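Trainee: First the structure, then my questions, so here it is.
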Amino acid sequence: MNIVVPVKLVPDLVEDLEIDESGITLDTSWLRLILNEVDEHALEQALLLKEAHGGTASVISLDGEGVDDVLFSSAAKGVDHLIKLTGLEFGDDLNNHAVARLYGAIVERLEPELVLIGVQAHNDLDGSLGPLLAEYVGMPYVGYVSGITVTDGKCRVLKEYPGGLIAEMDVVLPAVLGVQAAEAPPRYVAISRIRQAMKTVSLDEQAAADPDSGGGPTIDSMFKPETGERATMIAGDEEEVAAKIVDLLGELGKV
Amino acid sequence: MNQDIHVVVEHLRGQVADITYVALAAARGLAAGSGGSLAAVLLGHNDEGLAGDLGADRVLYIDDPALADFNPEHYAGALTELISADPPRCVLFGDTSMGAETAGILSARLDLPLVSRCRSVDTANGALSFVSQICGGKILVEGALPEPVSLVTMVPGHYQPEEGRGAVAPEVIQTSISPRVAGRVTFNAYLEPAVGDIDISSVSVLVAVGRGIANEDNVEMAEELAEALGGAVCGSRPVVDQGWLPTTRMVGKSGKRVKPDVYLALGISGAPEHVEGMSGSELTIAVNTDVGAPIFDVAQYGSDVDLLDLLPVLIEQVQAAKEG
């Protein structure tokens, strides 16, 4: 079974985010990009299915800072085919409609049975990539998936609803599935194996077509939320902080 | 083309989701601005009974056996026909497991612009606008809702669900639309949530751990603290996805909603998906080394000490206070 995992790199939220002078985009000069967290799960699920059923796993990414590391690390985990779209980068003001069209063109050429993609990314402003991509390539889509079993040309998926309720659905292949969580935590790969992959695996670089961003809104302004009533910060070291917390718990009769 | 605002009703096993009332509350203002009327769009089978308290001018009801349970293909199929026949100014969905994919499929299929994660929508002089929250709630984005037709997904937080309920049952208009079923996606069954050893939604003191707990061994320290407090440990999605806590202990959008007396948030950033599940807590105390973390907008008290330094001290002090 051949599986394609299109990925997206997003700003690392641990870092301070700054808005640039234009007021409509993030300042990318200090921005650290990391692999979208649920894309890690999509990748892991693809590797689990490949191990169970054979076939190949491919990863598609736009270019950008940190992309080569993400691609080689996925090769070290077991991905066979690394595709990098060159000429456009994450952070180039490409919305998800544009990226879905670019990735869709590659998916159509690869003709996979399954496309696994992170169900969402924290910077999606015009919907998530999965359903857009699915529709552009004419495949069915189900998202918020946390379990996938493949048998005889169709797959059975577990779709999450609020409160822990799950819907079991059958989806005819080929299909695009929006992964919320893989059936096992994303595997760890040693840096030595990533370095080895850099020496032995080659990137399949393909020039990106002209982007078409139709389908998203225009941003008039970007700003940080006004901090309303922020938490009262407890001063001091851990001893003093612990003492204050014990006081608060005491007021509620919890200690 | 008209200036009406549509809200697609999200319901699960006979209950309308709160996000639908949030969207109705948001849509009421839009309809006032656009000059159109507000219609709730209800898809289902033998589900007219759900229309009663929807705060809309009318309910457009699409009844079909294929719509008895949510199915993205069938929902998108029915809505394609409805929207194409008489396009409204805006169609609102919840930014949820059901709404997000339905809106995405429709955006690509009908070539309609989609604005996701809207926390509020507004209108001034007939111009419709949105404010979306991205980057885990750290950044807000403002813009105009594209004309002539926009698809919108709403996140909770800005409008109260009560504002979207109607005092009088709206008129229900049965449509003649039926979804063209391609048969690519089939709903089989619901699987009930796993029953855990403890129901965290009925515990009065919760020690919640997030990514900042760093590894599985440290979760034991949180367990120790919870035990000393007579409470329980719960966590955010990343901790559960790592397998450090069972899914029955997950708080948030796809986990449990909790309202304990005390919510001690350790190493939790406070992404909107998590806050949705715990914002009703009486007292929230947050510990996170990132002073800019959104959890401090929700918590009443906070500290930026390293939780791994704090935990052993706090356990000791709680035990001492209990004994004293």
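Chain labels follow the order of the structure tokens: the first chain is A, the next B, and so on; residue numbering restarts at 1 in every chain, and ligands are counted from 1 in their shown order.
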Pull out every residue of chain A sitting within 6 Å of chain B, counting only C-alpha atoms, and send them as a PyMOL selection string.
Mentor: chain A and resi 122-123+125-127+131-132+135+144+161-172+185+215-216+219-224+230-234+238+242+255
Trainee: Report as a list in words all protein, DNA and RNA residues lying within 9 Å of Thr20 in chain B, evaluated on only C-alpha atoms, omitting residues in the same chain fewer than 3 positions from it.
Mentor: Val7, Val8, Val9, Glu10, His11, Val16, Ala17, Ala23, Leu24, Ala25, Leu54, Leu92, Phe93, Gly94, Met154, Pro161 and Gly164 of chain B
Trainee: Write to file, as a tab-separated table (two decimals), in the first residue's frame, the residues of the selection just made, with all heavy atoms.
Mentor:
chain	number	residue	atom	x	y	z
B	7	VAL	N	-26.68	29.01	9.55
B	7	VAL	CA	-25.88	28.31	10.55
B	7	VAL	C	-26.19	26.82	10.41
B	7	VAL	O	-27.35	26.42	10.52
B	7	VAL	CB	-26.22	28.78	11.99
B	7	VAL	CG1	-25.53	27.87	13.02
B	7	VAL	CG2	-25.79	30.23	12.19
B	8	VAL	N	-25.16	26.02	10.14
B	8	VAL	CA	-25.37	24.58	10.01
B	8	VAL	C	-25.37	23.97	11.42
B	8	VAL	O	-24.41	24.12	12.17
B	8	VAL	CB	-24.29	23.93	9.13
B	8	VAL	CG1	-24.47	22.41	9.08
B	8	VAL	CG2	-24.34	24.52	7.72
B	9	VAL	N	-26.48	23.33	11.76
B	9	VAL	CA	-26.66	22.80	13.11
B	9	VAL	C	-25.83	21.53	13.30
B	9	VAL	O	-25.88	20.62	12.46
B	9	VAL	CB	-28.16	22.48	13.36
B	9	VAL	CG1	-28.36	21.86	14.73
B	9	VAL	CG2	-28.99	23.75	13.20
B	10	GLU	N	-25.07	21.51	14.37
B	10	GLU	CA	-24.29	20.32	14.69
B	10	GLU	C	-25.01	19.56	15.80
B	10	GLU	O	-25.32	20.12	16.85
B	10	GLU	CB	-22.90	20.75	15.15
B	10	GLU	CG	-22.03	19.60	15.56
B	10	GLU	CD	-20.58	20.02	15.77
B	10	GLU	OE1	-20.13	20.97	15.09
B	10	GLU	OE2	-19.91	19.40	16.61
B	11	HIS	N	-25.31	18.31	15.55
B	11	HIS	CA	-25.97	17.53	16.60
B	11	HIS	C	-25.43	16.11	16.61
B	11	HIS	O	-24.97	15.58	15.60
B	11	HIS	CB	-27.49	17.56	16.43
B	11	HIS	CG	-27.99	17.04	15.13
B	11	HIS	ND1	-28.44	15.76	14.97
B	11	HIS	CD2	-28.08	17.63	13.91
B	11	HIS	CE1	-28.81	15.59	13.70
B	11	HIS	NE2	-28.60	16.70	13.04
B	16	VAL	N	-28.20	18.95	20.38
B	16	VAL	CA	-27.54	20.02	19.60
B	16	VAL	C	-26.31	20.47	20.38
B	16	VAL	O	-26.36	20.69	21.59
B	16	VAL	CB	-28.51	21.19	19.37
B	16	VAL	CG1	-27.80	22.35	18.68
B	16	VAL	CG2	-29.71	20.74	18.54
B	17	ALA	N	-25.19	20.62	19.67
B	17	ALA	CA	-23.93	21.02	20.32
B	17	ALA	C	-23.97	22.49	20.71
B	17	ALA	O	-24.56	23.32	20.00
B	17	ALA	CB	-22.76	20.76	19.38
B	23	ALA	N	-22.67	29.84	17.39
B	23	ALA	CA	-22.70	30.32	16.00
B	23	ALA	C	-23.99	31.10	15.72
B	23	ALA	O	-23.97	32.11	15.00
B	23	ALA	CB	-22.56	29.14	15.03
B	24	LEU	N	-25.11	30.66	16.31
B	24	LEU	CA	-26.36	31.39	16.12
B	24	LEU	C	-26.27	32.78	16.74
B	24	LEU	O	-26.76	33.76	16.17
B	24	LEU	CB	-27.53	30.61	16.73
B	24	LEU	CG	-28.02	29.38	15.94
B	24	LEU	CD1	-28.93	28.51	16.80
B	24	LEU	CD2	-28.74	29.82	14.67
B	25	ALA	N	-25.63	32.84	17.92
B	25	ALA	CA	-25.48	34.16	18.58
B	25	ALA	C	-24.63	35.08	17.70
B	25	ALA	O	-24.95	36.26	17.53
B	25	ALA	CB	-24.83	33.97	19.95
B	54	LEU	N	-33.73	26.60	18.65
B	54	LEU	CA	-32.69	27.27	17.85
B	54	LEU	C	-33.06	28.74	17.68
B	54	LEU	O	-34.17	29.05	17.22
B	54	LEU	CB	-32.55	26.58	16.49
B	54	LEU	CG	-32.14	25.10	16.52
B	54	LEU	CD1	-32.25	24.49	15.11
B	54	LEU	CD2	-30.72	24.95	17.06
B	92	LEU	N	-22.24	29.58	8.53
B	92	LEU	CA	-21.41	29.37	9.72
B	92	LEU	C	-21.47	27.90	10.17
B	92	LEU	O	-22.55	27.30	10.17
B	92	LEU	CB	-21.88	30.25	10.87
B	92	LEU	CG	-21.38	31.70	10.92
B	92	LEU	CD1	-21.84	32.49	9.71
B	92	LEU	CD2	-21.82	32.39	12.20
B	93	PHE	N	-20.31	27.40	10.58
B	93	PHE	CA	-20.19	26.04	11.13
B	93	PHE	C	-19.41	26.16	12.45
B	93	PHE	O	-18.74	27.15	12.69
B	93	PHE	CB	-19.34	25.14	10.21
B	93	PHE	CG	-19.83	25.02	8.79
B	93	PHE	CD1	-19.57	26.01	7.86
B	93	PHE	CD2	-20.52	23.88	8.39
B	93	PHE	CE1	-20.01	25.89	6.55
B	93	PHE	CE2	-20.95	23.74	7.08
B	93	PHE	CZ	-20.70	24.75	6.16
B	94	GLY	N	-19.44	25.09	13.25
B	94	GLY	CA	-18.51	25.00	14.38
B	94	GLY	C	-17.15	24.58	13.85
B	94	GLY	O	-17.07	23.83	12.88
B	154	MET	N	-16.55	28.67	13.51
B	154	MET	CA	-16.50	29.42	14.77
B	154	MET	C	-15.86	28.59	15.88
B	154	MET	O	-16.12	27.40	16.02
B	154	MET	CB	-17.92	29.78	15.23
B	154	MET	CG	-18.74	30.66	14.31
B	154	MET	SD	-18.12	32.36	14.16
B	154	MET	CE	-18.15	32.92	15.87
B	161	PRO	N	-23.57	30.51	24.72
B	161	PRO	CA	-24.56	29.68	24.02
B	161	PRO	C	-26.00	30.14	24.29
B	161	PRO	O	-26.84	30.07	23.39
B	161	PRO	CB	-24.33	28.28	24.61
B	161	PRO	CG	-22.92	28.29	25.11
B	161	PRO	CD	-22.63	29.71	25.52
B	164	GLY	N	-27.82	32.21	21.82
B	164	GLY	CA	-28.23	31.61	20.55
B	164	GLY	C	-29.48	30.75	20.66
B	164	GLY	O	-29.86	30.09	19.71
Trainee: Please list as a ChimeraX atom specification every residue within 12 Å of Ser192 in chain A, counting only C-alpha atoms and excluding residues in the same chain fewer than 4 positions away.
Mentor: /A:72-73,76-77,188,196-199
Trainee: With all heavy atoms kept, could you save the residues just selected as a PDB file, in the first residue's frame?
Mentor:
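Contents of part-v2.pdb, as written:
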ATOM      1  N   PHE A  72      14.814  14.378   6.276  1.00  0.00           N
ATOM      2  CA  PHE A  72      15.797  13.320   6.546  1.00  0.00           C
ATOM      3  C   PHE A  72      15.439  12.545   7.813  1.00  0.00           C
ATOM      4  O   PHE A  72      15.698  11.345   7.910  1.00  0.00           O
ATOM      5  CB  PHE A  72      17.208  13.905   6.641  1.00  0.00           C
ATOM      6  CG  PHE A  72      17.766  14.284   5.291  1.00  0.00           C
ATOM      7  CD1 PHE A  72      18.151  15.590   5.012  1.00  0.00           C
ATOM      8  CD2 PHE A  72      17.893  13.322   4.302  1.00  0.00           C
ATOM      9  CE1 PHE A  72      18.648  15.939   3.765  1.00  0.00           C
ATOM     10  CE2 PHE A  72      18.395  13.669   3.039  1.00  0.00           C
ATOM     11  CZ  PHE A  72      18.771  14.979   2.770  1.00  0.00           C
ATOM     12  N   SER A  73      14.858  13.238   8.774  1.00  0.00           N
ATOM     13  CA  SER A  73      14.463  12.515   9.974  1.00  0.00           C
ATOM     14  C   SER A  73      13.330  11.535   9.665  1.00  0.00           C
ATOM     15  O   SER A  73      13.293  10.427  10.200  1.00  0.00           O
ATOM     16  CB  SER A  73      14.126  13.528  11.086  1.00  0.00           C
ATOM     17  OG  SER A  73      12.901  13.289  11.633  1.00  0.00           O
ATOM     18  N   ALA A  76      14.932   8.542   8.144  1.00  0.00           N
ATOM     19  CA  ALA A  76      15.566   7.708   9.170  1.00  0.00           C
ATOM     20  C   ALA A  76      14.526   6.851   9.897  1.00  0.00           C
ATOM     21  O   ALA A  76      14.832   5.770  10.396  1.00  0.00           O
ATOM     22  CB  ALA A  76      16.323   8.584  10.166  1.00  0.00           C
ATOM     23  N   LYS A  77      13.292   7.329   9.931  1.00  0.00           N
ATOM     24  CA  LYS A  77      12.228   6.556  10.586  1.00  0.00           C
ATOM     25  C   LYS A  77      11.655   5.476   9.677  1.00  0.00           C
ATOM     26  O   LYS A  77      10.912   4.621  10.136  1.00  0.00           O
ATOM     27  CB  LYS A  77      11.082   7.497  11.009  1.00  0.00           C
ATOM     28  CG  LYS A  77      11.429   8.436  12.147  1.00  0.00           C
ATOM     29  CD  LYS A  77      10.247   9.356  12.438  1.00  0.00           C
ATOM     30  CE  LYS A  77      10.536  10.238  13.646  1.00  0.00           C
ATOM     31  NZ  LYS A  77       9.363  11.064  13.978  1.00  0.00           N
ATOM     32  N   TYR A 188      10.897   7.782  18.158  1.00  0.00           N
ATOM     33  CA  TYR A 188      12.096   8.600  18.324  1.00  0.00           C
ATOM     34  C   TYR A 188      13.139   8.071  17.361  1.00  0.00           C
ATOM     35  O   TYR A 188      13.217   6.877  17.099  1.00  0.00           O
ATOM     36  CB  TYR A 188      12.577   8.468  19.778  1.00  0.00           C
ATOM     37  CG  TYR A 188      13.919   9.095  20.026  1.00  0.00           C
ATOM     38  CD1 TYR A 188      14.038  10.471  20.180  1.00  0.00           C
ATOM     39  CD2 TYR A 188      15.061   8.309  20.098  1.00  0.00           C
ATOM     40  CE1 TYR A 188      15.268  11.047  20.394  1.00  0.00           C
ATOM     41  CE2 TYR A 188      16.306   8.884  20.309  1.00  0.00           C
ATOM     42  CZ  TYR A 188      16.399  10.247  20.459  1.00  0.00           C
ATOM     43  OH  TYR A 188      17.621  10.824  20.665  1.00  0.00           O
ATOM     44  N   GLN A 196      23.030   9.798   9.013  1.00  0.00           N
ATOM     45  CA  GLN A 196      23.281   8.756   8.023  1.00  0.00           C
ATOM     46  C   GLN A 196      22.317   8.907   6.836  1.00  0.00           C
ATOM     47  O   GLN A 196      22.723   8.782   5.676  1.00  0.00           O
ATOM     48  CB  GLN A 196      23.082   7.396   8.693  1.00  0.00           C
ATOM     49  CG  GLN A 196      23.662   6.261   7.885  1.00  0.00           C
ATOM     50  CD  GLN A 196      23.381   4.913   8.553  1.00  0.00           C
ATOM     51  OE1 GLN A 196      22.928   4.859   9.701  1.00  0.00           O
ATOM     52  NE2 GLN A 196      23.650   3.855   7.834  1.00  0.00           N
ATOM     53  N   ALA A 197      21.059   9.211   7.156  1.00  0.00           N
ATOM     54  CA  ALA A 197      20.076   9.400   6.085  1.00  0.00           C
ATOM     55  C   ALA A 197      20.480  10.556   5.173  1.00  0.00           C
ATOM     56  O   ALA A 197      20.309  10.493   3.952  1.00  0.00           O
ATOM     57  CB  ALA A 197      18.697   9.654   6.693  1.00  0.00           C
ATOM     58  N   MET A 198      21.060  11.607   5.779  1.00  0.00           N
ATOM     59  CA  MET A 198      21.502  12.753   4.971  1.00  0.00           C
ATOM     60  C   MET A 198      22.538  12.328   3.942  1.00  0.00           C
ATOM     61  O   MET A 198      22.627  12.913   2.863  1.00  0.00           O
ATOM     62  CB  MET A 198      22.101  13.833   5.869  1.00  0.00           C
ATOM     63  CG  MET A 198      21.059  14.596   6.646  1.00  0.00           C
ATOM     64  SD  MET A 198      21.869  15.765   7.760  1.00  0.00           S
ATOM     65  CE  MET A 198      20.440  16.604   8.411  1.00  0.00           C
ATOM     66  N   LYS A 199      23.341  11.322   4.302  1.00  0.00           N
ATOM     67  CA  LYS A 199      24.401  10.877   3.381  1.00  0.00           C
ATOM     68  C   LYS A 199      23.877   9.903   2.344  1.00  0.00           C
ATOM     69  O   LYS A 199      24.402   9.830   1.232  1.00  0.00           O
ATOM     70  CB  LYS A 199      25.531  10.202   4.176  1.00  0.00           C
ATOM     71  CG  LYS A 199      26.356  11.177   5.004  1.00  0.00           C
ATOM     72  CD  LYS A 199      27.428  10.426   5.780  1.00  0.00           C
ATOM     73  CE  LYS A 199      27.997  11.291   6.887  1.00  0.00           C
ATOM     74  NZ  LYS A 199      28.421  10.483   8.029  1.00  0.00           N
TER      75      LYS A 199
END
Trainee: Kindly indicate which residue among A:Asp80, A:Glu37, A:Glu51, A:Glu89 lies nearest to Val67 in chain A, using only C-alpha atoms for the distances.
Mentor: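 Distance minimum relative to Val67 in chain A lands on A:Glu89.
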Trainee: Mind checking which residues fall within 12 Å of Arg187 in chain A, counting only C-alpha atoms, ignoring those fewer than 4 positions away in the same chain, and posting them as a PyMOL selection string?
Mentor: (chain A and resi 40-48+73-74+76-78+182-183) or (chain B and resi 241-242)
Trainee: Convert the current residue selection to file output with all heavy atoms, as a short mmCIF file (atom, residue, chain, number, x, y, z; two decimals), in the first residue's frame.
Mentor:
data_model
loop_
_atom_site.label_atom_id
_atom_site.label_comp_id
_atom_site.auth_asym_id
_atom_site.auth_seq_id
_atom_site.Cartn_x
_atom_site.Cartn_y
_atom_site.Cartn_z
N GLU A 40 3.28 14.83 12.74
CA GLU A 40 4.15 13.77 13.30
C GLU A 40 3.34 12.50 13.51
O GLU A 40 3.82 11.39 13.32
CB GLU A 40 4.71 14.19 14.66
CG GLU A 40 5.53 15.45 14.62
CD GLU A 40 6.91 15.25 15.21
OE1 GLU A 40 7.39 14.10 15.17
OE2 GLU A 40 7.49 16.24 15.68
N HIS A 41 2.09 12.70 13.93
CA HIS A 41 1.22 11.54 14.14
C HIS A 41 0.80 10.92 12.80
O HIS A 41 0.71 9.70 12.68
CB HIS A 41 -0.01 11.94 14.96
CG HIS A 41 0.30 12.12 16.42
ND1 HIS A 41 0.14 11.12 17.33
CD2 HIS A 41 0.80 13.18 17.10
CE1 HIS A 41 0.51 11.54 18.53
NE2 HIS A 41 0.91 12.80 18.42
N ALA A 42 0.54 11.77 11.80
CA ALA A 42 0.19 11.25 10.47
C ALA A 42 1.35 10.41 9.92
O ALA A 42 1.16 9.33 9.36
CB ALA A 42 -0.13 12.40 9.53
N LEU A 43 2.55 10.92 10.12
CA LEU A 43 3.76 10.22 9.66
C LEU A 43 3.90 8.88 10.39
O LEU A 43 4.18 7.84 9.77
CB LEU A 43 4.97 11.12 9.93
CG LEU A 43 6.32 10.63 9.46
CD1 LEU A 43 6.33 10.47 7.96
CD2 LEU A 43 7.40 11.63 9.88
N GLU A 44 3.71 8.90 11.70
CA GLU A 44 3.83 7.66 12.48
C GLU A 44 2.78 6.64 12.02
O GLU A 44 3.09 5.46 11.84
CB GLU A 44 3.65 7.97 13.98
CG GLU A 44 3.72 6.75 14.87
CD GLU A 44 5.06 6.02 14.80
OE1 GLU A 44 6.09 6.70 14.63
OE2 GLU A 44 5.07 4.77 14.89
N GLN A 45 1.55 7.11 11.81
CA GLN A 45 0.49 6.19 11.38
C GLN A 45 0.83 5.60 10.01
O GLN A 45 0.58 4.42 9.76
CB GLN A 45 -0.85 6.94 11.33
CG GLN A 45 -2.05 6.04 11.10
CD GLN A 45 -2.26 5.04 12.23
OE1 GLN A 45 -2.28 5.41 13.41
NE2 GLN A 45 -2.40 3.77 11.89
N ALA A 46 1.41 6.41 9.13
CA ALA A 46 1.80 5.91 7.81
C ALA A 46 2.85 4.81 7.96
O ALA A 46 2.80 3.78 7.28
CB ALA A 46 2.35 7.06 6.95
N LEU A 47 3.81 5.01 8.86
CA LEU A 47 4.87 4.01 9.06
C LEU A 47 4.29 2.72 9.66
O LEU A 47 4.67 1.62 9.26
CB LEU A 47 5.98 4.58 9.95
CG LEU A 47 6.77 5.73 9.31
CD1 LEU A 47 7.67 6.42 10.34
CD2 LEU A 47 7.59 5.23 8.12
N LEU A 48 3.33 2.85 10.57
CA LEU A 48 2.70 1.67 11.17
C LEU A 48 1.96 0.86 10.09
O LEU A 48 2.04 -0.37 10.06
CB LEU A 48 1.71 2.08 12.27
CG LEU A 48 2.32 2.70 13.54
CD1 LEU A 48 1.21 3.24 14.45
CD2 LEU A 48 3.18 1.69 14.29
N SER A 73 14.86 13.24 8.77
CA SER A 73 14.46 12.51 9.97
C SER A 73 13.33 11.54 9.66
O SER A 73 13.29 10.43 10.20
CB SER A 73 14.13 13.53 11.09
OG SER A 73 12.90 13.29 11.63
N SER A 74 12.44 11.90 8.75
CA SER A 74 11.38 10.94 8.40
C SER A 74 11.97 9.77 7.61
O SER A 74 11.52 8.63 7.74
CB SER A 74 10.23 11.63 7.65
OG SER A 74 10.68 12.25 6.49
N ALA A 76 14.93 8.54 8.14
CA ALA A 76 15.57 7.71 9.17
C ALA A 76 14.53 6.85 9.90
O ALA A 76 14.83 5.77 10.40
CB ALA A 76 16.32 8.58 10.17
N LYS A 77 13.29 7.33 9.93
CA LYS A 77 12.23 6.56 10.59
C LYS A 77 11.66 5.48 9.68
O LYS A 77 10.91 4.62 10.14
CB LYS A 77 11.08 7.50 11.01
CG LYS A 77 11.43 8.44 12.15
CD LYS A 77 10.25 9.36 12.44
CE LYS A 77 10.54 10.24 13.65
NZ LYS A 77 9.36 11.06 13.98
N GLY A 78 11.93 5.58 8.36
CA GLY A 78 11.42 4.54 7.46
C GLY A 78 10.68 5.03 6.24
O GLY A 78 10.14 4.22 5.47
N ALA A 182 -1.82 9.12 16.17
CA ALA A 182 -1.44 7.80 15.66
C ALA A 182 -1.75 6.77 16.73
O ALA A 182 -1.97 7.10 17.90
CB ALA A 182 0.04 7.78 15.31
N GLU A 183 -1.76 5.50 16.33
CA GLU A 183 -2.08 4.45 17.30
C GLU A 183 -0.94 4.19 18.27
O GLU A 183 -1.10 3.49 19.26
CB GLU A 183 -2.47 3.17 16.56
CG GLU A 183 -3.90 3.28 16.02
CD GLU A 183 -4.18 2.40 14.82
OE1 GLU A 183 -3.24 1.77 14.29
OE2 GLU A 183 -5.35 2.37 14.41
N ASP B 241 -1.35 11.59 24.19
CA ASP B 241 -0.84 11.03 22.94
C ASP B 241 0.50 10.33 23.14
O ASP B 241 0.87 9.43 22.39
CB ASP B 241 -0.71 12.12 21.87
CG ASP B 241 -2.06 12.50 21.28
OD1 ASP B 241 -3.03 11.75 21.51
OD2 ASP B 241 -2.15 13.55 20.62
N GLN B 242 1.25 10.76 24.14
CA GLN B 242 2.52 10.09 24.43
C GLN B 242 2.30 8.78 25.18
O GLN B 242 3.23 8.02 25.41
CB GLN B 242 3.42 11.01 25.28
CG GLN B 242 4.09 12.13 24.51
CD GLN B 242 5.03 11.60 23.43
OE1 GLN B 242 5.67 10.57 23.59
NE2 GLN B 242 5.11 12.32 22.31
#
Trainee: Quick one: DSSP alpha helix (DSSP H) residues in range 65-109 of chain B, as JSON, numbers by chain?
Mentor: {"B": [72, 73, 74, 75, 76, 77, 78, 79, 80, 81, 82, 83, 84, 85, 99, 100, 101, 102, 103, 104, 105, 106, 107, 108, 109]}
Trainee: May I have all residues of range 177-233 of chain A that DSSP, computed from the backbone, assigns to strand (DSSP E or B), given as a ChimeraX atom specification?
Mentor: /A:177-179,204-207,221-223,232-233
Trainee: Next, write the just-selected residues to a file, as a CSV table (one decimal), in the first residue's frame, keeping N, CA and C atoms as the atom set.
Mentor:
chain,number,residue,atom,x,y,z
A,177,LEU,N,-7.1,11.1,4.9
A,177,LEU,CA,-7.6,11.0,6.3
A,177,LEU,C,-6.8,12.1,7.1
A,178,GLY,N,-7.6,12.8,7.9
A,178,GLY,CA,-7.0,13.8,8.8
A,178,GLY,C,-6.7,13.2,10.1
A,179,VAL,N,-5.4,13.0,10.4
A,179,VAL,CA,-5.0,12.3,11.6
A,179,VAL,C,-4.9,13.2,12.8
A,204,ASP,N,14.0,14.4,-3.5
A,204,ASP,CA,13.4,14.5,-4.8
A,204,ASP,C,12.9,16.0,-4.9
A,205,GLU,N,13.7,16.9,-5.5
A,205,GLU,CA,13.3,18.3,-5.5
A,205,GLU,C,12.5,18.5,-6.8
A,206,GLN,N,11.3,19.1,-6.6
A,206,GLN,CA,10.5,19.4,-7.7
A,206,GLN,C,10.1,20.9,-7.6
A,207,ALA,N,10.1,21.6,-8.7
A,207,ALA,CA,9.8,23.0,-8.7
A,207,ALA,C,8.3,23.2,-8.5
A,221,SER,N,-5.5,43.1,9.4
A,221,SER,CA,-4.5,43.4,10.5
A,221,SER,C,-4.3,42.2,11.4
A,222,MET,N,-3.2,42.1,12.0
A,222,MET,CA,-2.8,41.0,12.9
A,222,MET,C,-2.3,41.6,14.2
A,223,PHE,N,-2.8,41.1,15.3
A,223,PHE,CA,-2.4,41.7,16.5
A,223,PHE,C,-2.4,40.7,17.6
A,232,THR,N,-2.7,36.5,38.8
A,232,THR,CA,-1.8,37.1,39.8
A,232,THR,C,-0.6,36.2,39.9
A,233,MET,N,0.6,36.8,39.5
A,233,MET,CA,1.8,35.9,39.6
A,233,MET,C,2.3,35.9,41.0
Trainee: State, in Å with one decimal place, the distance from CA of Tyr103 in chain A to CA of Leu129 in chain A.
Mentor: 9.4 Å
Trainee: Check the smallest atom-to-atom distance from each of B:Ile177, B:Val207, B:Met278, B:Cys90 to Gly36 in chain B using only C-alpha atoms, then report the winner.
Mentor: B:Cys90
Trainee: Using only C-alpha atoms, determine which residues lie at most 10 Å from Val41 in chain B, disregarding the query and same-chain residues fewer than 4 positions distant; provide the list as a count of residues only.
Mentor: 18
Trainee: Excluding same-chain residues fewer than 3 positions from Glu108 in chain A, what lies within 12 Å of it counting only C-alpha atoms, as a list in words?
Mentor: Val4, Ala100, Arg101, Leu102, Tyr103, Gly104, Ala105, Glu111, Pro112, Glu113, Leu114, Val115, Leu133, Ala134, Glu135, Tyr136, Val137, Gly138, Met139, Pro174 and Ala175 of chain A
Trainee: Which distance in Å separates CA of Ile213 in chain B and CA of Thr289 in chain B, to one decimal?
Mentor: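 These atoms are spaced 11.4 Å apart.
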